[in-house]
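Structure first, then comments.
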Amino acid sequence: MPDLAPASPADAYAALMDGNARFVHGERLHPNQDADRRSAVAPRQRPFAVLFGCSDSRLAAEIIFDRGLGDLFVVRTAGHVAGAEVLGSIEYGVGVLKAPLVVVLGHDSCGAVTAASEADRAGVAPAGYIGDVVERVMPSILWARADGCTDIDQFVQTHIRRTVDGLLGRSVLLAAEVAAGRCAVVGLSYRLTDGTVGVVASHGPLPEINR
């Protein structure tokens, strides 16, 4: 079976946007989800995008982008906070699996962002490792408030943008791939009610996209 996966950042981005449009309009094709695809990708994987998203149960990447087995290399944490394990996973997807696109996927009404905003106001972080997640989101809240933002969804957009910039700032491999034109990084915000995604930030060789 020939590998027909998108090979360029622009083609990978277009494939995701086309899939999301099908999902929004109730016209999903459910591609690459049959037994033939399962057999084809069993020997090796060649995903066309790394999807780093929030762990929220409503953000199932293969569903909202109408993709299937072997298409997306998915990494998810609450509030899409990025530690060493996340960075290593993303570098694996780009450097070893040769995915030409990295997507940071956040969403409106994010619980982690809301918790960080409330902790900032109260001056008290949640106990346990939830507090660790909140502390990792907190710099985005402080940055957004300093910029005059007051709404949770404004905080979400700031957090997505800072996550995108943080990946490029911390990963030498990812920054080099973007600089060479072999990869692009885009931050998307998902709307829970209508299922659409909007572009928040992008770096690398992508077509002109609406923000």
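In the structure tokens, chains take the letters A, B, ... in the order shown, each chain's residues start at 1, and ligands count up from 1 in the order shown.
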Which residues are close to A:Gly70, i.e. within 7 Å by only C-alpha atoms, leaving aside same-chain residues fewer than 3 positions away? Reply as an mmCIF file with C-alpha atoms, in the first residue's frame.
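The file below, out-v7.cif, is the result:
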data_model
loop_
_atom_site.group_PDB
_atom_site.id
_atom_site.type_symbol
_atom_site.label_atom_id
_atom_site.label_comp_id
_atom_site.auth_asym_id
_atom_site.auth_seq_id
_atom_site.Cartn_x
_atom_site.Cartn_y
_atom_site.Cartn_z
ATOM 1 C CA VAL A 41 0.423 0.322 9.774
ATOM 2 C CA GLN A 45 4.049 4.214 11.740
ATOM 3 C CA ARG A 46 4.408 7.428 9.774
ATOM 4 C CA PRO A 47 1.969 9.954 11.291
#
Residues of stretch 6-102 of chain A at most 10 Å from stretch 161-184 of chain A: nearest atom pair and distance in Å, only C-alpha atoms, as a Markdown table:
| residue | atom | partner | partner_atom | distance |
| --- | --- | --- | --- | --- |
| A:Ala7 | CA | A:Arg182 | CA | 9.3 |
| A:Ser8 | CA | A:Arg182 | CA | 7.2 |
| A:Pro9 | CA | A:Cys183 | CA | 5.6 |
| A:Ala10 | CA | A:Ala184 | CA | 8.2 |
| A:Ala12 | CA | A:Ala184 | CA | 9.5 |
| A:Tyr13 | CA | A:Ala184 | CA | 9.0 |
| A:Ala49 | CA | A:Cys183 | CA | 9.5 |
| A:Phe52 | CA | A:Thr163 | CA | 9.9 |
| A:Gly79 | CA | A:Thr163 | CA | 9.9 |
| A:His80 | CA | A:Thr163 | CA | 7.7 |
| A:Val81 | CA | A:Thr163 | CA | 7.6 |
| A:Ala82 | CA | A:Thr163 | CA | 7.7 |
| A:Gly83 | CA | A:Leu167 | CA | 10.0 |
| A:Ala84 | CA | A:Arg170 | CA | 9.7 |
| A:Val86 | CA | A:Leu167 | CA | 9.6 |
| A:Leu87 | CA | A:Ser171 | CA | 7.1 |
| A:Gly88 | CA | A:Ser171 | CA | 8.8 |
| A:Ile90 | CA | A:Leu174 | CA | 8.3 |
| A:Glu91 | CA | A:Leu174 | CA | 6.6 |
| A:Tyr92 | CA | A:Leu173 | CA | 9.8 |
| A:Val94 | CA | A:Leu174 | CA | 7.3 |
| A:Gly95 | CA | A:Leu173 | CA | 7.2 |
| A:Lys98 | CA | A:Cys183 | CA | 8.7 |
| A:Ala99 | CA | A:Cys183 | CA | 7.4 |
| A:Pro100 | CA | A:Cys183 | CA | 4.3 |
| A:Leu101 | CA | A:Ala184 | CA | 5.0 |
| A:Val102 | CA | A:Ala184 | CA | 6.2 |
For those residues, write C-alpha atoms to a file as a PDB file, in the first residue's frame.
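Below is the file that was written, out39.pdb:
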ATOM      1  CA  ALA A   7       4.348  15.057   3.379  1.00  0.00           C
ATOM      2  CA  SER A   8       4.601  18.848   3.801  1.00  0.00           C
ATOM      3  CA  PRO A   9       3.537  21.109   6.674  1.00  0.00           C
ATOM      4  CA  ALA A  10       0.995  22.858   4.453  1.00  0.00           C
ATOM      5  CA  ALA A  12      -0.702  18.206   6.755  1.00  0.00           C
ATOM      6  CA  TYR A  13      -2.426  21.355   7.990  1.00  0.00           C
ATOM      7  CA  ALA A  49       1.104  15.356  12.508  1.00  0.00           C
ATOM      8  CA  PHE A  52      -0.184  17.956  21.592  1.00  0.00           C
ATOM      9  CA  GLY A  79      -3.919  22.139  30.230  1.00  0.00           C
ATOM     10  CA  HIS A  80      -1.361  20.999  27.615  1.00  0.00           C
ATOM     11  CA  VAL A  81       1.441  21.619  30.112  1.00  0.00           C
ATOM     12  CA  ALA A  82       4.800  20.565  28.685  1.00  0.00           C
ATOM     13  CA  GLY A  83       7.419  18.810  30.789  1.00  0.00           C
ATOM     14  CA  ALA A  84      10.434  16.821  29.650  1.00  0.00           C
ATOM     15  CA  VAL A  86       6.142  15.865  26.485  1.00  0.00           C
ATOM     16  CA  LEU A  87       9.088  17.543  24.795  1.00  0.00           C
ATOM     17  CA  GLY A  88      10.760  14.181  24.255  1.00  0.00           C
ATOM     18  CA  ILE A  90       7.183  15.681  20.388  1.00  0.00           C
ATOM     19  CA  GLU A  91      10.833  15.461  19.353  1.00  0.00           C
ATOM     20  CA  TYR A  92      10.339  11.750  18.668  1.00  0.00           C
ATOM     21  CA  VAL A  94       9.222  15.103  14.474  1.00  0.00           C
ATOM     22  CA  GLY A  95      12.801  13.857  14.553  1.00  0.00           C
ATOM     23  CA  LYS A  98       9.301  12.727  10.486  1.00  0.00           C
ATOM     24  CA  ALA A  99       5.900  14.313  11.098  1.00  0.00           C
ATOM     25  CA  PRO A 100       5.889  17.674   9.260  1.00  0.00           C
ATOM     26  CA  LEU A 101       3.402  19.388  11.576  1.00  0.00           C
ATOM     27  CA  VAL A 102       3.024  19.937  15.323  1.00  0.00           C
TER      28      VAL A 102
END
Which polymer residues have any atom within 8 Å of an atom of A:Ala125, counting only C-alpha atoms, with same-chain residues fewer than 2 positions away left out, as a PyMOL selection string?
-> chain A and resi 116+119-120+123+127+131+134-135
Keeping all heavy atoms for every residue in the selection just given, could you write it to a file as a PDB file, in the first residue's frame?
ATOM      1  N   ALA A 116      -6.204  27.701  37.313  1.00  0.00           N
ATOM      2  CA  ALA A 116      -5.059  28.587  37.520  1.00  0.00           C
ATOM      3  C   ALA A 116      -5.515  30.024  37.762  1.00  0.00           C
ATOM      4  O   ALA A 116      -4.953  30.734  38.599  1.00  0.00           O
ATOM      5  CB  ALA A 116      -4.132  28.522  36.315  1.00  0.00           C
ATOM      6  N   ALA A 119      -6.831  30.141  41.280  1.00  0.00           N
ATOM      7  CA  ALA A 119      -5.731  30.066  42.243  1.00  0.00           C
ATOM      8  C   ALA A 119      -4.992  31.394  42.323  1.00  0.00           C
ATOM      9  O   ALA A 119      -4.556  31.811  43.405  1.00  0.00           O
ATOM     10  CB  ALA A 119      -4.769  28.950  41.837  1.00  0.00           C
ATOM     11  N   ASP A 120      -4.864  32.065  41.187  1.00  0.00           N
ATOM     12  CA  ASP A 120      -4.209  33.369  41.175  1.00  0.00           C
ATOM     13  C   ASP A 120      -5.006  34.373  42.000  1.00  0.00           C
ATOM     14  O   ASP A 120      -4.434  35.141  42.786  1.00  0.00           O
ATOM     15  CB  ASP A 120      -4.067  33.849  39.729  1.00  0.00           C
ATOM     16  CG  ASP A 120      -3.475  35.241  39.630  1.00  0.00           C
ATOM     17  OD1 ASP A 120      -2.490  35.519  40.349  1.00  0.00           O
ATOM     18  OD2 ASP A 120      -3.991  36.059  38.837  1.00  0.00           O
ATOM     19  N   GLY A 123      -4.868  33.133  45.717  1.00  0.00           N
ATOM     20  CA  GLY A 123      -3.536  33.050  46.280  1.00  0.00           C
ATOM     21  C   GLY A 123      -3.208  31.688  46.856  1.00  0.00           C
ATOM     22  O   GLY A 123      -2.242  31.541  47.616  1.00  0.00           O
ATOM     23  N   ALA A 127      -4.104  21.231  46.101  1.00  0.00           N
ATOM     24  CA  ALA A 127      -3.153  20.296  46.701  1.00  0.00           C
ATOM     25  C   ALA A 127      -2.746  19.226  45.695  1.00  0.00           C
ATOM     26  O   ALA A 127      -3.379  19.032  44.665  1.00  0.00           O
ATOM     27  CB  ALA A 127      -3.772  19.652  47.939  1.00  0.00           C
ATOM     28  N   GLY A 131      -1.958  20.733  41.795  1.00  0.00           N
ATOM     29  CA  GLY A 131      -1.291  22.005  42.031  1.00  0.00           C
ATOM     30  C   GLY A 131      -0.103  22.204  41.118  1.00  0.00           C
ATOM     31  O   GLY A 131       0.187  23.334  40.698  1.00  0.00           O
ATOM     32  N   VAL A 134      -1.472  23.390  37.807  1.00  0.00           N
ATOM     33  CA  VAL A 134      -1.891  24.783  37.943  1.00  0.00           C
ATOM     34  C   VAL A 134      -0.679  25.720  37.936  1.00  0.00           C
ATOM     35  O   VAL A 134      -0.694  26.775  37.291  1.00  0.00           O
ATOM     36  CB  VAL A 134      -2.730  24.966  39.223  1.00  0.00           C
ATOM     37  CG1 VAL A 134      -2.887  26.444  39.570  1.00  0.00           C
ATOM     38  CG2 VAL A 134      -4.098  24.316  39.055  1.00  0.00           C
ATOM     39  N   GLU A 135       0.376  25.343  38.635  1.00  0.00           N
ATOM     40  CA  GLU A 135       1.575  26.179  38.673  1.00  0.00           C
ATOM     41  C   GLU A 135       2.203  26.325  37.291  1.00  0.00           C
ATOM     42  O   GLU A 135       2.767  27.375  36.968  1.00  0.00           O
ATOM     43  CB  GLU A 135       2.581  25.588  39.656  1.00  0.00           C
ATOM     44  CG  GLU A 135       2.178  25.760  41.115  1.00  0.00           C
ATOM     45  CD  GLU A 135       3.162  25.100  42.068  1.00  0.00           C
ATOM     46  OE1 GLU A 135       4.200  24.596  41.590  1.00  0.00           O
ATOM     47  OE2 GLU A 135       2.890  25.102  43.286  1.00  0.00           O
TER      48      GLU A 135
END
Residues flagged alpha helix (DSSP H) by DSSP in stretch 9-170 of chain A, as number ranges by chain = A: 9-24, 35-41, 61-64, 84-91, 111-122, 128-146, 152-170
Enumerate as a VMD selection string all residues of chain A assigned to strand (DSSP E or B) by DSSP on the backbone, naming them with the chain letters and numbers the document uses.
-> chain A and resid 49 to 54 72 to 77 101 to 107 184 to 190 197 to 203
Hey, which bits of stretch 18-49 of chain A sit within 6 Å of stretch 64-68 of chain A, and for each residue what's the closest pair of atoms and how far apart in Å (one decimal), counting only C-alpha atoms, rows by chain and increasing number, as CSV?
residue,atom,partner,partner_atom,distance
A:Gly19,CA,A:Phe65,CA,4.5
A:Asn20,CA,A:Phe65,CA,4.3
A:Phe23,CA,A:Ile64,CA,5.8
A:His30,CA,A:Asp66,CA,5.8
A:Pro31,CA,A:Gly68,CA,5.6
A:Asn32,CA,A:Gly68,CA,4.6
A:Gln33,CA,A:Gly68,CA,5.1
From the set A:Ala5, A:Ala78, A:Cys54, A:Ile160, which residue has the shortest atom-to-atom contact distance to A:Tyr129, counting only C-alpha atoms?
->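 Result for the nearest residue to A:Tyr129: A:Ala78.
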For atom CA of A:Asp34 and atom CA of A:Asp18, the interatomic separation in Å (one decimal) =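 Those two atoms sit 20.1 Å apart.
For the atom pair formed by atom CA of A:Leu51 and atom CA of A:Gly93, the distance is 9.4 Å, given to one decimal.
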If you count only C-alpha atoms, the residue of A:Asp36, A:Asp153, A:Asp11, A:Glu27 closest to A:His107 turns out to be A:Asp153
Between atom CA of A:Leu192 and atom CA of A:Thr150, distance in Å (one decimal) |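 Computing the Euclidean distance for atom CA of A:Leu192 and atom CA of A:Thr150 yields 20.2 Å.
Comparing A:Val75, A:Val197, A:Val50, A:Leu29 by their smallest distance to A:Gln157, the closest is A:Val197 (using only C-alpha atoms).
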Distance criterion (only C-alpha atoms): nearest to A:Ala144 out of A:Ser117, A:Val96, A:Val124, A:Ala15 =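 Closest to A:Ala144, using only C-alpha atoms: A:Ser117.
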